[in-house]
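Next comes upload-v9.tsv, a file with TSV, C-alpha atoms and all ligand atoms.
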chain	number	residue	atom	x	y	z
I	6	MET	CA	113.48	81.78	108.89
I	7	CYS	CA	111.94	81.07	105.46
I	8	GLN	CA	111.84	83.75	102.81
I	9	PRO	CA	108.86	86.12	102.68
I	10	ASP	CA	106.68	85.88	99.56
I	11	LEU	CA	108.86	87.82	97.11
I	12	HIS	CA	105.84	88.89	95.06
I	13	LYS	CA	104.26	90.65	98.00
I	14	LEU	CA	107.20	92.68	99.21
I	15	PRO	CA	106.82	96.45	99.74
I	16	ARG	CA	107.85	98.59	96.79
I	17	ASN	CA	110.37	100.44	98.92
I	18	ILE	CA	111.64	100.10	102.47
I	19	ALA	CA	112.75	103.09	104.58
I	20	ILE	CA	115.25	102.69	107.40
I	21	ASP	CA	115.95	105.72	109.58
I	22	GLY	CA	117.81	106.19	112.83
I	23	PRO	CA	120.67	108.01	114.55
I	24	ALA	CA	124.33	107.83	113.54
I	25	ALA	CA	125.95	104.42	114.00
I	26	SER	CA	122.72	102.65	114.87
I	27	GLY	CA	123.54	99.89	112.36
I	28	LYS	CA	121.19	101.09	109.59
I	29	SER	CA	123.68	100.46	106.83
I	30	THR	CA	124.64	96.96	108.01
I	31	ILE	CA	121.03	95.91	108.54
I	32	GLY	CA	119.81	97.59	105.35
I	33	THR	CA	122.49	95.91	103.23
I	34	LEU	CA	121.83	92.46	104.69
I	35	VAL	CA	118.06	92.74	104.28
I	36	ALA	CA	118.44	94.12	100.74
I	37	ASN	CA	120.75	91.22	99.80
I	38	LYS	CA	118.26	88.70	101.16
I	39	ILE	CA	115.38	90.02	99.09
I	40	GLY	CA	117.32	91.15	96.02
I	41	TYR	CA	116.71	94.89	96.52
I	42	MET	CA	119.14	97.71	95.97
I	43	CYS	CA	120.34	99.52	99.09
I	44	LEU	CA	121.14	103.21	99.25
I	45	ASP	CA	122.60	104.82	102.33
I	46	THR	CA	121.70	108.48	101.81
I	47	GLY	CA	124.20	109.58	104.48
I	48	ILE	CA	126.81	109.05	101.75
I	49	MET	CA	125.31	111.89	99.73
I	50	TYR	CA	125.48	114.39	102.61
I	51	ARG	CA	129.00	113.18	103.38
I	52	ALA	CA	129.96	113.70	99.73
I	53	VAL	CA	128.79	117.33	99.88
I	54	ALA	CA	130.70	117.89	103.15
I	55	PHE	CA	133.85	116.28	101.75
I	56	GLN	CA	133.75	118.24	98.50
I	57	ALA	CA	133.15	121.52	100.37
I	58	LEU	CA	136.26	120.88	102.49
I	59	LYS	CA	138.24	119.86	99.40
I	60	GLU	CA	137.29	123.05	97.56
I	61	GLY	CA	138.02	125.17	100.61
I	62	ILE	CA	134.41	126.34	100.87
I	63	ASP	CA	133.56	127.87	104.24
I	64	ILE	CA	131.03	125.44	105.81
I	65	ALA	CA	129.26	128.43	107.38
I	66	ASP	CA	128.67	129.92	103.90
I	67	LYS	CA	125.18	128.50	103.33
I	68	GLU	CA	124.77	129.75	99.74
I	69	ALA	CA	128.16	128.41	98.63
I	70	VAL	CA	127.47	124.97	100.12
I	71	GLU	CA	123.97	124.94	98.57
I	72	ARG	CA	125.41	125.83	95.15
I	73	LEU	CA	127.88	122.99	95.55
I	74	ALA	CA	125.03	120.54	96.34
I	75	GLU	CA	123.33	121.54	93.06
I	76	ARG	CA	126.38	120.83	90.92
I	77	ILE	CA	128.05	117.90	92.69
I	78	GLU	CA	128.02	114.55	90.87
I	79	ILE	CA	127.73	111.55	93.18
I	80	ASN	CA	127.78	107.99	91.87
I	81	ILE	CA	127.62	104.78	93.86
I	82	ARG	CA	129.05	101.75	92.06
I	83	PRO	CA	129.79	98.11	92.93
I	84	ALA	CA	132.97	97.73	95.01
I	85	SER	CA	136.09	97.75	92.83
I	86	SER	CA	138.44	96.77	95.67
I	87	LYS	CA	138.42	94.24	98.51
I	88	ASP	CA	139.49	96.72	101.19
I	89	GLY	CA	136.34	96.35	103.25
I	90	ARG	CA	134.18	98.73	101.20
I	91	GLN	CA	130.61	97.77	100.33
I	92	PHE	CA	130.67	99.93	97.20
I	93	ASP	CA	132.66	102.70	95.53
I	94	VAL	CA	131.67	106.30	96.18
I	95	ILE	CA	132.60	108.38	93.15
I	96	ILE	CA	132.49	112.15	93.60
I	97	ASN	CA	132.98	114.31	90.51
I	98	GLY	CA	134.71	111.37	88.84
I	99	GLY	CA	137.16	110.49	91.68
I	100	ASP	CA	137.01	107.53	94.09
I	101	HIS	CA	136.45	109.00	97.56
I	102	THR	CA	134.96	105.95	99.28
I	103	TRP	CA	137.06	106.32	102.43
I	104	ASP	CA	137.58	110.10	102.29
I	105	ILE	CA	133.94	110.66	103.25
I	106	ARG	CA	134.42	108.76	106.53
I	107	THR	CA	137.18	110.88	108.12
I	108	PRO	CA	136.83	112.73	111.47
I	109	GLU	CA	137.04	116.01	109.46
I	110	VAL	CA	133.94	115.09	107.45
I	111	ASN	CA	132.20	113.70	110.56
I	112	ALA	CA	132.75	117.05	112.25
I	113	VAL	CA	130.92	119.10	109.60
I	114	VAL	CA	128.47	116.75	107.85
I	115	SER	CA	125.58	117.47	110.22
I	116	GLU	CA	126.03	121.22	109.73
I	117	VAL	CA	126.00	120.80	105.96
I	118	SER	CA	122.83	118.70	106.08
I	119	VAL	CA	120.91	121.44	107.91
I	120	TYR	CA	120.92	123.69	104.81
I	121	ALA	CA	117.58	123.74	102.97
I	122	GLY	CA	119.18	123.90	99.50
I	123	VAL	CA	121.38	120.90	100.28
I	124	ARG	CA	118.39	118.87	101.51
I	125	ARG	CA	116.31	119.88	98.49
I	126	ALA	CA	119.00	118.77	96.03
I	127	MET	CA	119.64	115.47	97.83
I	128	THR	CA	115.93	114.67	98.35
I	129	LEU	CA	115.23	115.19	94.64
I	130	GLN	CA	118.00	112.77	93.67
I	131	GLN	CA	116.86	110.23	96.26
I	132	ARG	CA	113.25	110.27	95.07
I	133	LYS	CA	114.42	109.81	91.50
I	134	ILE	CA	116.48	106.77	92.48
I	135	ALA	CA	113.51	105.30	94.39
I	136	GLU	CA	111.07	105.75	91.48
I	137	LYS	CA	112.00	102.35	90.06
I	138	GLY	CA	111.14	100.66	93.38
I	139	ARG	CA	112.82	97.65	95.02
I	140	ILE	CA	115.08	99.78	97.15
I	141	VAL	CA	116.03	99.85	100.82
I	142	MET	CA	116.74	103.51	101.49
I	143	ILE	CA	118.60	104.49	104.64
I	144	GLY	CA	118.86	107.89	106.32
I	145	ARG	CA	117.30	110.23	108.86
I	146	ASP	CA	114.21	111.50	107.03
I	147	ILE	CA	113.38	108.73	104.55
I	148	GLY	CA	110.14	107.62	106.23
I	149	THR	CA	109.07	111.15	107.14
I	150	VAL	CA	110.08	113.27	104.11
I	151	VAL	CA	111.79	111.48	101.22
I	152	LEU	CA	109.49	108.47	100.88
I	153	PRO	CA	106.48	109.11	103.14
I	154	ASP	CA	104.55	106.44	101.19
I	155	ALA	CA	107.10	103.67	101.79
I	156	GLU	CA	105.12	100.58	102.76
I	157	LEU	CA	107.59	99.47	105.40
I	158	LYS	CA	109.35	101.97	107.64
I	159	ILE	CA	111.87	100.96	110.25
I	160	TYR	CA	113.34	103.27	112.88
I	161	LEU	CA	116.50	101.66	114.18
I	162	ASP	CA	117.54	102.99	117.55
I	163	ALA	CA	120.25	102.23	120.15
I	164	SER	CA	121.74	104.11	123.08
I	165	VAL	CA	124.68	106.43	122.38
I	166	GLU	CA	126.98	104.21	124.46
I	167	VAL	CA	126.20	101.07	122.48
I	168	ARG	CA	126.44	102.90	119.16
I	169	ALA	CA	129.79	104.40	120.16
I	170	GLN	CA	131.18	101.01	121.16
I	171	ARG	CA	130.15	99.49	117.84
I	172	ARG	CA	131.63	102.40	115.85
I	173	TYR	CA	134.82	102.30	117.96
I	174	ILE	CA	135.38	98.60	117.25
I	175	GLU	CA	134.63	99.13	113.55
I	176	ASP	CA	137.14	102.01	113.38
I	177	LEU	CA	139.80	99.97	115.21
I	178	SER	CA	139.30	97.10	112.77
I	179	HIS	CA	140.01	99.55	109.94
I	180	GLY	CA	143.29	100.46	111.64
I	181	LYS	CA	142.12	103.90	112.79
I	182	ASP	CA	143.59	105.45	115.91
I	183	VAL	CA	140.43	106.24	117.89
I	184	CYS	CA	139.42	106.98	121.45
I	185	LEU	CA	136.04	105.78	122.74
I	186	GLN	CA	135.29	109.05	124.54
I	187	ASP	CA	135.85	111.02	121.31
I	188	VAL	CA	133.46	108.71	119.45
I	189	ILE	CA	130.80	109.25	122.14
I	190	GLU	CA	131.25	113.04	121.98
I	191	SER	CA	131.11	113.08	118.18
I	192	LEU	CA	127.90	110.98	118.13
I	193	ARG	CA	126.27	113.19	120.78
I	194	HIS	CA	127.14	116.29	118.78
I	195	ARG	CA	125.67	114.82	115.59
I	196	ASP	CA	122.55	113.48	117.36
I	197	GLU	CA	121.88	116.95	118.71
I	198	ILE	CA	122.10	118.63	115.31
I	199	ASP	CA	120.29	115.84	113.41
I	200	SER	CA	117.34	115.77	115.85
I	201	GLY	CA	117.23	119.49	116.58
I	202	ARG	CA	117.17	120.94	113.07
I	203	ALA	CA	113.95	122.55	111.85
I	204	LEU	CA	113.98	120.89	108.45
I	205	ALA	CA	113.50	117.11	108.17
I	206	PRO	CA	114.82	116.33	111.67
I	207	LEU	CA	115.75	112.84	112.71
I	208	LYS	CA	112.59	111.23	114.09
I	209	ALA	CA	110.53	108.09	113.69
I	210	ALA	CA	107.63	108.36	111.25
I	211	GLU	CA	104.29	107.78	112.97
I	212	ASP	CA	103.84	104.53	111.08
I	213	ALA	CA	107.42	103.30	111.58
I	214	VAL	CA	108.29	100.13	113.46
I	215	VAL	CA	110.78	101.19	116.12
I	216	ILE	CA	113.53	98.66	116.87
I	217	ASP	CA	115.76	99.20	119.89
I	218	SER	CA	118.87	97.21	119.03
I	219	ASP	CA	120.77	97.74	122.31
I	220	LYS	CA	120.44	94.11	123.32
I	221	MET	CA	120.09	92.60	119.86
I	222	THR	CA	122.72	91.16	117.55
I	223	VAL	CA	122.86	92.15	113.89
I	224	TYR	CA	121.34	88.81	112.92
I	225	GLU	CA	118.47	89.17	115.40
I	226	VAL	CA	117.61	92.55	113.90
I	227	VAL	CA	117.81	91.17	110.35
I	228	GLU	CA	115.55	88.24	111.26
I	229	TYR	CA	113.12	90.62	112.96
I	230	VAL	CA	112.89	92.75	109.80
I	231	MET	CA	112.49	89.62	107.67
I	232	GLY	CA	109.66	88.60	110.02
I	233	LEU	CA	107.97	91.97	109.43
I	234	LEU	CA	108.27	91.47	105.67
I	235	LYS	CA	106.74	88.02	105.98
I	236	GLN	CA	103.85	89.25	108.13
I	237	ARG	CA	103.09	92.06	105.70
I	238	GLY	CA	103.28	89.74	102.70
G	1	LIG	O1	124.35	108.06	108.41
G	1	LIG	P1	125.58	108.94	108.32
G	1	LIG	O2	126.29	109.08	109.62
G	1	LIG	O3	126.51	108.52	107.24
G	1	LIG	O4	125.02	110.39	107.93
G	1	LIG	C1	125.85	111.51	107.82
G	1	LIG	C2	125.06	112.77	108.11
G	1	LIG	O5	124.16	113.01	107.04
G	1	LIG	C3	124.22	112.77	109.37
G	1	LIG	O6	124.89	113.39	110.42
G	1	LIG	C4	122.99	113.53	109.01
G	1	LIG	C5	122.95	113.55	107.51
G	1	LIG	N1	121.83	112.84	106.91
G	1	LIG	C6	120.65	113.50	106.80
G	1	LIG	O7	120.52	114.62	107.27
G	1	LIG	N2	119.60	112.92	106.15
G	1	LIG	C7	119.72	111.69	105.65
G	1	LIG	N3	118.68	111.14	105.00
G	1	LIG	C8	120.93	110.97	105.78
G	1	LIG	C9	121.98	111.57	106.45

Could you take the file, read its structure, and then write that structure out as structure tokens?
Ligand code: DC
Amino acid sequence: MCQPDLHKLPRNIAIDGPAASGKSTIGTLVANKIGYMCLDTGIMYRAVAFQALKEGIDIADKEAVERLAERIEINIRPASSKDGRQFDVIINGGDHTWDIRTPEVNAVVSEVSVYAGVRRAMTLQQRKIAEKGRIVMIGRDIGTVVLPDAELKIYLDASVEVRAQRRYIEDLSHGKDVCLQDVIESLRHRDEIDSGRALAPLKAAEDAVVIDSDKMTVYEVVEYVMGLLKQRG
């Protein structure tokens, strides 16, 4: 498909959807095609969860986790190593790119992201990053809360079984010892918390384009999004 008119692209693009729905893969590919920056905001919540575990903070201690979210320093930099990472995740000066993707972090990250003070701190940072425009921002509440004025909003969906299979294969390719049933359970648990929370729950914005990727390849989804950009241009 030919390129959309680059002068008429939306200022910012929001991509939301459940865990492992392919948001990061699709967002990165689309951003590369149009020369936008891509920020997966899940990284920021993961960073808070990781740092809380590292500091021995009780995840149930709302105030302590919220204080941590206020003081944590998260930087995302171009990849410094060819170990499969898309970028480096630097937390308080240390490289924790892979540490934020462990089962231990997976188990608590949704709980951490329920806390109002954590969401407030992360949302503020995300809006600041988006001020300059030309960003594809990925998350759960980007189209509904963080950037409600984004000119293109995508809600990327897929069944829990398909998402689990994709995540399982990805984990295996990184040499992780995983079991498909555990991946399904973990995704179900996170879906429940992400969609059920009172504050900024996972849901499609009213003006979002919903894409069900169950029967689509990555490239079909990318081409579909590029088609939307072309239409809107
Ligand atoms: O996309 P992910 O699996 O890396 O996200 C990790 C967690 O962060 C997810 O369970 C919910 C939370 N999250 C959120 O609440 N809001 C966002 N904008 C992004 C992620």

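Residues of protein or nucleic acid lying within 7 Å of ligand LIG 1 (chain G), counting only C-alpha atoms and all ligand atoms, are I:Ala24, I:Ala25, I:Thr46, I:Gly47, I:Ile48, I:Tyr50, I:Arg51, I:Val114, I:Ser115, I:Ser118, I:Val119, I:Ile143, I:Gly144, I:Arg145, I:Asp146, I:Ile147, I:Arg195, I:Asp199.
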
Enclosing box along x, y and z for every listed atom of stretch 164-174 of chain I, padded 3 Å each side, centre and size in Å, one decimal, as lines of an AutoDock Vina configuration file:
center_x = 128.6
center_y = 102.5
center_z = 120.2
size_x = 19.6
size_y = 13.8
size_z = 14.6

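Atom CA of I:Ile159 is found 8.3 Å from atom CA of I:Gly22.
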
Can you tell me which residues surround I:Cys184 at a distance of at most 12 Å, considering only C-alpha atoms, apart from same-chain residues fewer than 5 positions away, and format the answer as a compact mmCIF listing (two decimals) with C-alpha atoms, in the coordinates of the input?
# COMPACT_ATOMS: atom_id res chain seq x y z
CA PRO I 108 136.83 112.73 111.47
CA ALA I 169 129.79 104.40 120.16
CA GLN I 170 131.18 101.01 121.16
CA ARG I 172 131.63 102.40 115.85
CA TYR I 173 134.82 102.30 117.96
CA ILE I 174 135.38 98.60 117.25
CA ASP I 176 137.14 102.01 113.38
CA LEU I 177 139.80 99.97 115.21
CA ILE I 189 130.80 109.25 122.14
CA GLU I 190 131.25 113.04 121.98
CA SER I 191 131.11 113.08 118.18

Q.
So that I can see what lies close to stretch 95-105 of chain I, please list as a VMD selection string the residues with an atom at most 12 Å from it, counting all atoms listed in the file and leaving out residues fewer than 4 positions away in the same chain.
A. chain I and resid 47 to 59 73 to 74 76 to 86 88 to 91 109 to 114 176 179 181

Determine, for each residue of stretch 103-173 of chain I having at least one atom at most 12 Å from an atom of stretch 224-234 of chain I, the closest pair of atoms and their separation in Å to one decimal, counting all atoms listed in the file; order by chain and ascending number, as CSV.
residue,atom,partner,partner_atom,distance
I:Val141,CA,I:Val230,CA,11.9
I:Glu156,CA,I:Leu234,CA,10.1
I:Leu157,CA,I:Leu234,CA,8.0
I:Lys158,CA,I:Val230,CA,10.1
I:Ile159,CA,I:Val230,CA,8.3
I:Tyr160,CA,I:Val230,CA,11.0
I:Leu161,CA,I:Val226,CA,9.2
I:Asp162,CA,I:Val226,CA,11.1
I:Ala163,CA,I:Val226,CA,11.8

Restricted to C-alpha atoms, what does stretch 58-191 of chain I look like when written out as an mmCIF file, in the first residue's frame?
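Output saved as decode_6.cif:
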data_model
loop_
_atom_site.group_PDB
_atom_site.id
_atom_site.type_symbol
_atom_site.label_atom_id
_atom_site.label_comp_id
_atom_site.auth_asym_id
_atom_site.auth_seq_id
_atom_site.Cartn_x
_atom_site.Cartn_y
_atom_site.Cartn_z
ATOM 1 C CA LEU I 58 9.351 -5.418 44.412
ATOM 2 C CA LYS I 59 13.039 -4.462 44.314
ATOM 3 C CA GLU I 60 12.661 -2.109 47.267
ATOM 4 C CA GLY I 61 10.614 -4.647 49.191
ATOM 5 C CA ILE I 62 7.554 -2.383 49.251
ATOM 6 C CA ASP I 63 4.352 -4.212 50.127
ATOM 7 C CA ILE I 64 2.218 -4.041 46.934
ATOM 8 C CA ALA I 65 -0.896 -3.754 49.122
ATOM 9 C CA ASP I 66 0.521 -0.578 50.721
ATOM 10 C CA LYS I 67 -1.196 1.944 48.434
ATOM 11 C CA GLU I 68 0.483 5.065 49.863
ATOM 12 C CA ALA I 69 3.985 3.572 49.672
ATOM 13 C CA VAL I 70 3.496 2.496 46.047
ATOM 14 C CA GLU I 71 2.019 5.921 45.176
ATOM 15 C CA ARG I 72 5.004 7.690 46.771
ATOM 16 C CA LEU I 73 7.295 5.473 44.728
ATOM 17 C CA ALA I 74 5.445 6.435 41.503
ATOM 18 C CA GLU I 75 6.079 10.120 42.302
ATOM 19 C CA ARG I 76 9.829 9.697 42.710
ATOM 20 C CA ILE I 77 10.697 6.952 40.211
ATOM 21 C CA GLU I 78 12.784 7.970 37.192
ATOM 22 C CA ILE I 79 11.921 6.070 34.019
ATOM 23 C CA ASN I 80 13.800 6.627 30.769
ATOM 24 C CA ILE I 81 13.301 4.860 27.468
ATOM 25 C CA ARG I 82 16.332 4.962 25.170
ATOM 26 C CA PRO I 83 17.315 3.422 21.824
ATOM 27 C CA ALA I 84 18.331 -0.248 22.155
ATOM 28 C CA SER I 85 21.957 -0.610 23.281
ATOM 29 C CA SER I 86 22.062 -4.382 22.737
ATOM 30 C CA LYS I 87 20.925 -6.805 20.027
ATOM 31 C CA ASP I 88 19.258 -9.241 22.430
ATOM 32 C CA GLY I 89 15.787 -8.809 20.975
ATOM 33 C CA ARG I 90 14.918 -5.604 22.830
ATOM 34 C CA GLN I 91 13.216 -2.752 20.986
ATOM 35 C CA PHE I 92 14.675 -0.178 23.381
ATOM 36 C CA ASP I 93 16.383 0.118 26.752
ATOM 37 C CA VAL I 94 14.258 0.670 29.839
ATOM 38 C CA ILE I 95 16.291 2.602 32.393
ATOM 39 C CA ILE I 96 14.865 2.761 35.908
ATOM 40 C CA ASN I 97 16.602 5.021 38.413
ATOM 41 C CA GLY I 98 19.734 4.838 36.268
ATOM 42 C CA GLY I 99 19.883 1.016 35.849
ATOM 43 C CA ASP I 100 19.053 -1.042 32.743
ATOM 44 C CA HIS I 101 15.999 -3.146 33.632
ATOM 45 C CA THR I 102 14.688 -3.839 30.131
ATOM 46 C CA TRP I 103 14.043 -7.528 30.765
ATOM 47 C CA ASP I 104 13.444 -7.332 34.529
ATOM 48 C CA ILE I 105 10.081 -5.647 33.933
ATOM 49 C CA ARG I 106 8.837 -8.653 31.925
ATOM 50 C CA THR I 107 9.173 -11.397 34.572
ATOM 51 C CA PRO I 108 6.242 -13.495 35.899
ATOM 52 C CA GLU I 109 6.765 -11.744 39.292
ATOM 53 C CA VAL I 110 6.126 -8.332 37.730
ATOM 54 C CA ASN I 111 3.267 -9.721 35.598
ATOM 55 C CA ALA I 112 1.624 -10.971 38.780
ATOM 56 C CA VAL I 113 1.468 -7.554 40.480
ATOM 57 C CA VAL I 114 1.519 -4.923 37.719
ATOM 58 C CA SER I 115 -2.263 -4.773 37.337
ATOM 59 C CA GLU I 116 -2.684 -4.268 41.094
ATOM 60 C CA VAL I 117 -0.150 -1.446 41.057
ATOM 61 C CA SER I 118 -1.892 0.269 38.147
ATOM 62 C CA VAL I 119 -5.199 0.432 40.029
ATOM 63 C CA TYR I 120 -3.826 3.029 42.482
ATOM 64 C CA ALA I 121 -5.018 6.573 41.770
ATOM 65 C CA GLY I 122 -1.692 8.186 42.721
ATOM 66 C CA VAL I 123 0.211 5.844 40.412
ATOM 67 C CA ARG I 124 -2.135 6.606 37.496
ATOM 68 C CA ARG I 125 -1.940 10.346 38.172
ATOM 69 C CA ALA I 126 1.867 10.350 38.131
ATOM 70 C CA MET I 127 2.079 8.208 34.983
ATOM 71 C CA THR I 128 -0.668 10.104 33.116
ATOM 72 C CA LEU I 129 1.089 13.422 33.781
ATOM 73 C CA GLN I 130 4.356 12.100 32.364
ATOM 74 C CA GLN I 131 2.589 10.585 29.353
ATOM 75 C CA ARG I 132 0.785 13.822 28.481
ATOM 76 C CA LYS I 133 4.048 15.720 28.737
ATOM 77 C CA ILE I 134 5.728 13.304 26.327
ATOM 78 C CA ALA I 135 2.800 13.604 23.892
ATOM 79 C CA GLU I 136 2.823 17.429 23.917
ATOM 80 C CA LYS I 137 5.347 17.525 21.082
ATOM 81 C CA GLY I 138 3.067 15.378 18.893
ATOM 82 C CA ARG I 139 4.049 12.717 16.335
ATOM 83 C CA ILE I 140 3.678 9.885 18.795
ATOM 84 C CA VAL I 141 1.965 6.507 18.770
ATOM 85 C CA MET I 142 1.009 5.948 22.393
ATOM 86 C CA ILE I 143 0.021 2.476 23.534
ATOM 87 C CA GLY I 144 -1.835 1.433 26.687
ATOM 88 C CA ARG I 145 -5.236 0.772 28.216
ATOM 89 C CA ASP I 146 -6.605 4.294 28.726
ATOM 90 C CA ILE I 147 -4.819 6.394 26.106
ATOM 91 C CA GLY I 148 -7.893 7.083 23.949
ATOM 92 C CA THR I 149 -10.231 7.477 26.925
ATOM 93 C CA VAL I 150 -8.149 9.357 29.534
ATOM 94 C CA VAL I 151 -4.566 10.240 28.610
ATOM 95 C CA LEU I 152 -5.137 11.649 25.114
ATOM 96 C CA PRO I 153 -8.913 11.940 24.640
ATOM 97 C CA ASP I 154 -8.278 14.359 21.737
ATOM 98 C CA ALA I 155 -6.077 11.950 19.766
ATOM 99 C CA GLU I 156 -7.236 12.144 16.158
ATOM 100 C CA LEU I 157 -6.884 8.425 15.539
ATOM 101 C CA LYS I 158 -7.784 5.884 18.199
ATOM 102 C CA ILE I 159 -7.399 2.171 17.691
ATOM 103 C CA TYR I 160 -8.700 -0.500 20.052
ATOM 104 C CA LEU I 161 -6.843 -3.709 19.285
ATOM 105 C CA ASP I 162 -8.652 -6.775 20.507
ATOM 106 C CA ALA I 163 -8.195 -10.567 20.296
ATOM 107 C CA SER I 164 -9.554 -13.537 22.220
ATOM 108 C CA VAL I 165 -7.671 -14.635 25.340
ATOM 109 C CA GLU I 166 -6.757 -17.947 23.672
ATOM 110 C CA VAL I 167 -5.153 -16.292 20.648
ATOM 111 C CA ARG I 168 -3.354 -13.734 22.798
ATOM 112 C CA ALA I 169 -2.041 -16.478 25.087
ATOM 113 C CA GLN I 170 -0.747 -18.511 22.141
ATOM 114 C CA ARG I 171 1.093 -15.511 20.740
ATOM 115 C CA ARG I 172 2.613 -14.627 24.130
ATOM 116 C CA TYR I 173 3.540 -18.292 24.731
ATOM 117 C CA ILE I 174 5.436 -18.526 21.433
ATOM 118 C CA GLU I 175 7.148 -15.192 22.104
ATOM 119 C CA ASP I 176 8.229 -16.355 25.582
ATOM 120 C CA LEU I 177 9.502 -19.678 24.210
ATOM 121 C CA SER I 178 11.530 -17.836 21.571
ATOM 122 C CA HIS I 179 13.178 -15.876 24.393
ATOM 123 C CA GLY I 180 14.155 -19.173 26.026
ATOM 124 C CA LYS I 181 11.621 -18.897 28.859
ATOM 125 C CA ASP I 182 10.213 -22.026 30.439
ATOM 126 C CA VAL I 183 6.468 -21.400 30.094
ATOM 127 C CA CYS I 184 3.241 -23.367 30.157
ATOM 128 C CA LEU I 185 0.349 -22.298 27.917
ATOM 129 C CA GLN I 186 -2.262 -22.810 30.644
ATOM 130 C CA ASP I 187 -0.328 -20.505 33.003
ATOM 131 C CA VAL I 188 -0.180 -17.820 30.311
ATOM 132 C CA ILE I 189 -3.961 -18.082 29.796
ATOM 133 C CA GLU I 190 -4.595 -17.821 33.549
ATOM 134 C CA SER I 191 -2.250 -14.851 33.932
#
